[in-house]
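First comes the structure, then the notes that go with it.
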Amino acid sequence: MSKSKIHWYKYAAPVNFYPLAGKMIPFFTGLTIILFAIGLYMSFFVAPVDFQQGHSYRIIFIHVPAAWMGMFLYVLMAIYAGIGWAFNARLASMMATAIAPTGAIFTFISLVTGSLWGKPAWGVFWVWDARMTSTLILMFLYIGFISLQSSIDDTRRADRAGAVLALVGVINVPIIYFSVQWWNTLHQGATLTARSFKMAPSMLSAMFVLMGACWMYSIAIVLARVRLIIKEREREAPWLVETHPFEGEIGIRKSVSEGAQ
Amino acid sequence: MHWNSLSEFINMGGYGRYVWGSYIVTFVLLTAEIIALRARKRRLERTGPVRSSLETRDQEL
């Protein structure tokens, strides 16, 4: 094996990741509070009024970060679930399970704030347009993942079943992203494209700061939830938490200090 | 600064209920997530054994 001084695999063992996650939570919580404070100040006091939409456009500062988080977290959840399934890495599967509720909440926020913006902008709260329908499907995928996992008592089987659903559902993310190009839609096009920004710099930076705030919030809450999941599973079967991934069959108990050397 | 008074700030150029509605929904949902997680933690602590090996891990790091 490698002679690297840092044993990265060590933290792939839930029992070792548990205290590390605990140490990281206050850091990300602090960043969440600071970034939300700066971002909210910028969105209400720095960003100028929109010449077409007036102040109603200020919903964008929460709507776009929430919509992005919903998609990012889904991809991240699918990646973790896939790693957990392919390599029998328990911590990765637990991460997937921990991400799902936060992703579902952000997707729901993007739907609600979107319809609250749709009313003044388009005159309707909801239309069955490509982007909105595919985002609704994203939320159903999250709900499906959560309920599928909670309906299976054997945790490793629940992890595998969830991974299949998450990986199949990942096809929906590019559909959401490109929906505004592929179909004629009421929804406006991408706010950010590779070549141009369609917003004033202060609007854009307010959105980015709140985007960062949502990321920090997600990291903090997912770490807190994964700690709980580790604890819940440890209670059911301590040896599952103690063993390292990549070590073969479940039940082979290898001491943690040995694995770290 | 775009606001001359508090009522102007709350009114948001006539879009107050949509703008504030969005921010309040977001705040409520994220707060609810934190509260639900805390409740789940308390539930686990109440039902589980007194001592977990994970607790000592926390103190070691």
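Residue names in the structure tokens use chain letters A, B, ... in the order shown, residue numbers from 1 in each chain, and ligand numbers from 1 in the order shown.
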Select, as a VMD selection string, those residues of chain B with any atom no more than 6 Å from chain A (distances computed using only C-alpha atoms). chain B and resid 1 12 to 13 15 18 to 19 22 58
Taking 5 positions as the minimum chain separation for residues in the same chain, which residues sit within 7 Å of range 176-178 of chain A when counting only C-alpha atoms? Answer as a short mmCIF file (atom, residue, chain, number, x, y, z; two decimals) with C-alpha atoms, in the first residue's frame.
data_model
loop_
_atom_site.label_atom_id
_atom_site.label_comp_id
_atom_site.auth_asym_id
_atom_site.auth_seq_id
_atom_site.Cartn_x
_atom_site.Cartn_y
_atom_site.Cartn_z
CA ARG A 131 -38.76 22.75 -16.18
CA SER A 134 -39.11 17.84 -14.28
CA THR A 135 -38.34 19.60 -10.97
#
Exercise: Ile10 in chain B partners within 9 Å, only C-alpha atoms, chain neighbours under 6 positions left out, as a ChimeraX atom specification: /B:16-17,20
Can you work out the spacing between CA of Gly39 in chain A and CA of Val124 in chain A in Å, to one decimal? 28.3 Å
Distance in Å - CA of Asn172 in chain A versus CA of Arg156 in chain A: 25.3 Å
At what distance in Å, to one decimal, does CA of Leu111 in chain A lie from CA of Thr29 in chain A? 25.3 Å
As a PyMOL selection string, which residues of chain B does DSSP assign to helix (DSSP H, G or I)? chain B and resi 6-14+16-47+53-60
Output file for the residues above (C-alpha atoms, as a compact mmCIF listing (two decimals), in the first residue's frame):
# COMPACT_ATOMS: atom_id res chain seq x y z
CA LEU B 6 -39.89 50.38 6.94
CA SER B 7 -43.33 50.18 5.34
CA GLU B 8 -41.76 50.65 1.93
CA PHE B 9 -39.36 47.80 2.74
CA ILE B 10 -42.24 45.55 3.79
CA ASN B 11 -44.33 46.50 0.79
CA MET B 12 -41.54 45.62 -1.70
CA GLY B 13 -43.05 47.77 -4.42
CA GLY B 14 -46.36 45.91 -4.16
CA GLY B 16 -44.38 42.10 -0.53
CA ARG B 17 -46.41 38.94 -0.04
CA TYR B 18 -44.58 37.08 -2.83
CA VAL B 19 -41.09 38.18 -1.81
CA TRP B 20 -41.59 37.77 1.93
CA GLY B 21 -43.65 34.63 1.37
CA SER B 22 -40.65 33.07 -0.38
CA TYR B 23 -38.17 34.04 2.30
CA ILE B 24 -40.46 32.98 5.14
CA VAL B 25 -41.19 29.58 3.57
CA THR B 26 -37.44 29.01 3.14
CA PHE B 27 -36.68 30.05 6.71
CA VAL B 28 -39.48 27.92 8.15
CA LEU B 29 -38.49 24.81 6.19
CA LEU B 30 -34.78 25.02 7.05
CA THR B 31 -35.59 25.66 10.72
CA ALA B 32 -38.02 22.73 10.70
CA GLU B 33 -35.26 20.50 9.31
CA ILE B 34 -32.94 21.46 12.17
CA ILE B 35 -35.68 20.93 14.79
CA ALA B 36 -36.62 17.55 13.30
CA LEU B 37 -32.98 16.44 13.40
CA ARG B 38 -32.65 17.50 17.04
CA ALA B 39 -35.83 15.59 17.91
CA ARG B 40 -34.46 12.50 16.18
CA LYS B 41 -31.24 12.83 18.19
CA ARG B 42 -33.15 13.11 21.47
CA ARG B 43 -35.29 10.10 20.52
CA LEU B 44 -32.16 8.04 19.90
CA GLU B 45 -30.58 9.11 23.16
CA ARG B 46 -33.73 8.23 25.08
CA THR B 47 -34.13 4.73 23.67
CA SER B 53 -18.26 3.59 21.88
CA LEU B 54 -18.83 6.56 19.58
CA GLU B 55 -19.07 8.93 22.54
CA THR B 56 -15.55 8.06 23.64
CA ARG B 57 -14.36 8.52 20.06
CA ASP B 58 -15.63 12.08 20.20
CA GLN B 59 -13.55 12.77 23.27
CA GLU B 60 -10.44 11.18 21.81
Using only C-alpha atoms: which of A:Leu165, A:Lys10, A:Val222, A:Cys214 has the shortest distance to Ser147 in chain A: A:Leu165
Between A:Met24, A:Leu91, A:Ala158, A:Leu136, which residue has the minimum interatomic distance to Leu61 in chain B, considering only C-alpha atoms?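 Smallest distance to Leu61 in chain B is found for A:Met24.
Distance annotation: of A:Pro201, A:Asp129, A:Thr97, A:Phe27, the residue with the minimal separation from Gly84 in chain A is A:Thr97; atom set is only C-alpha atoms.
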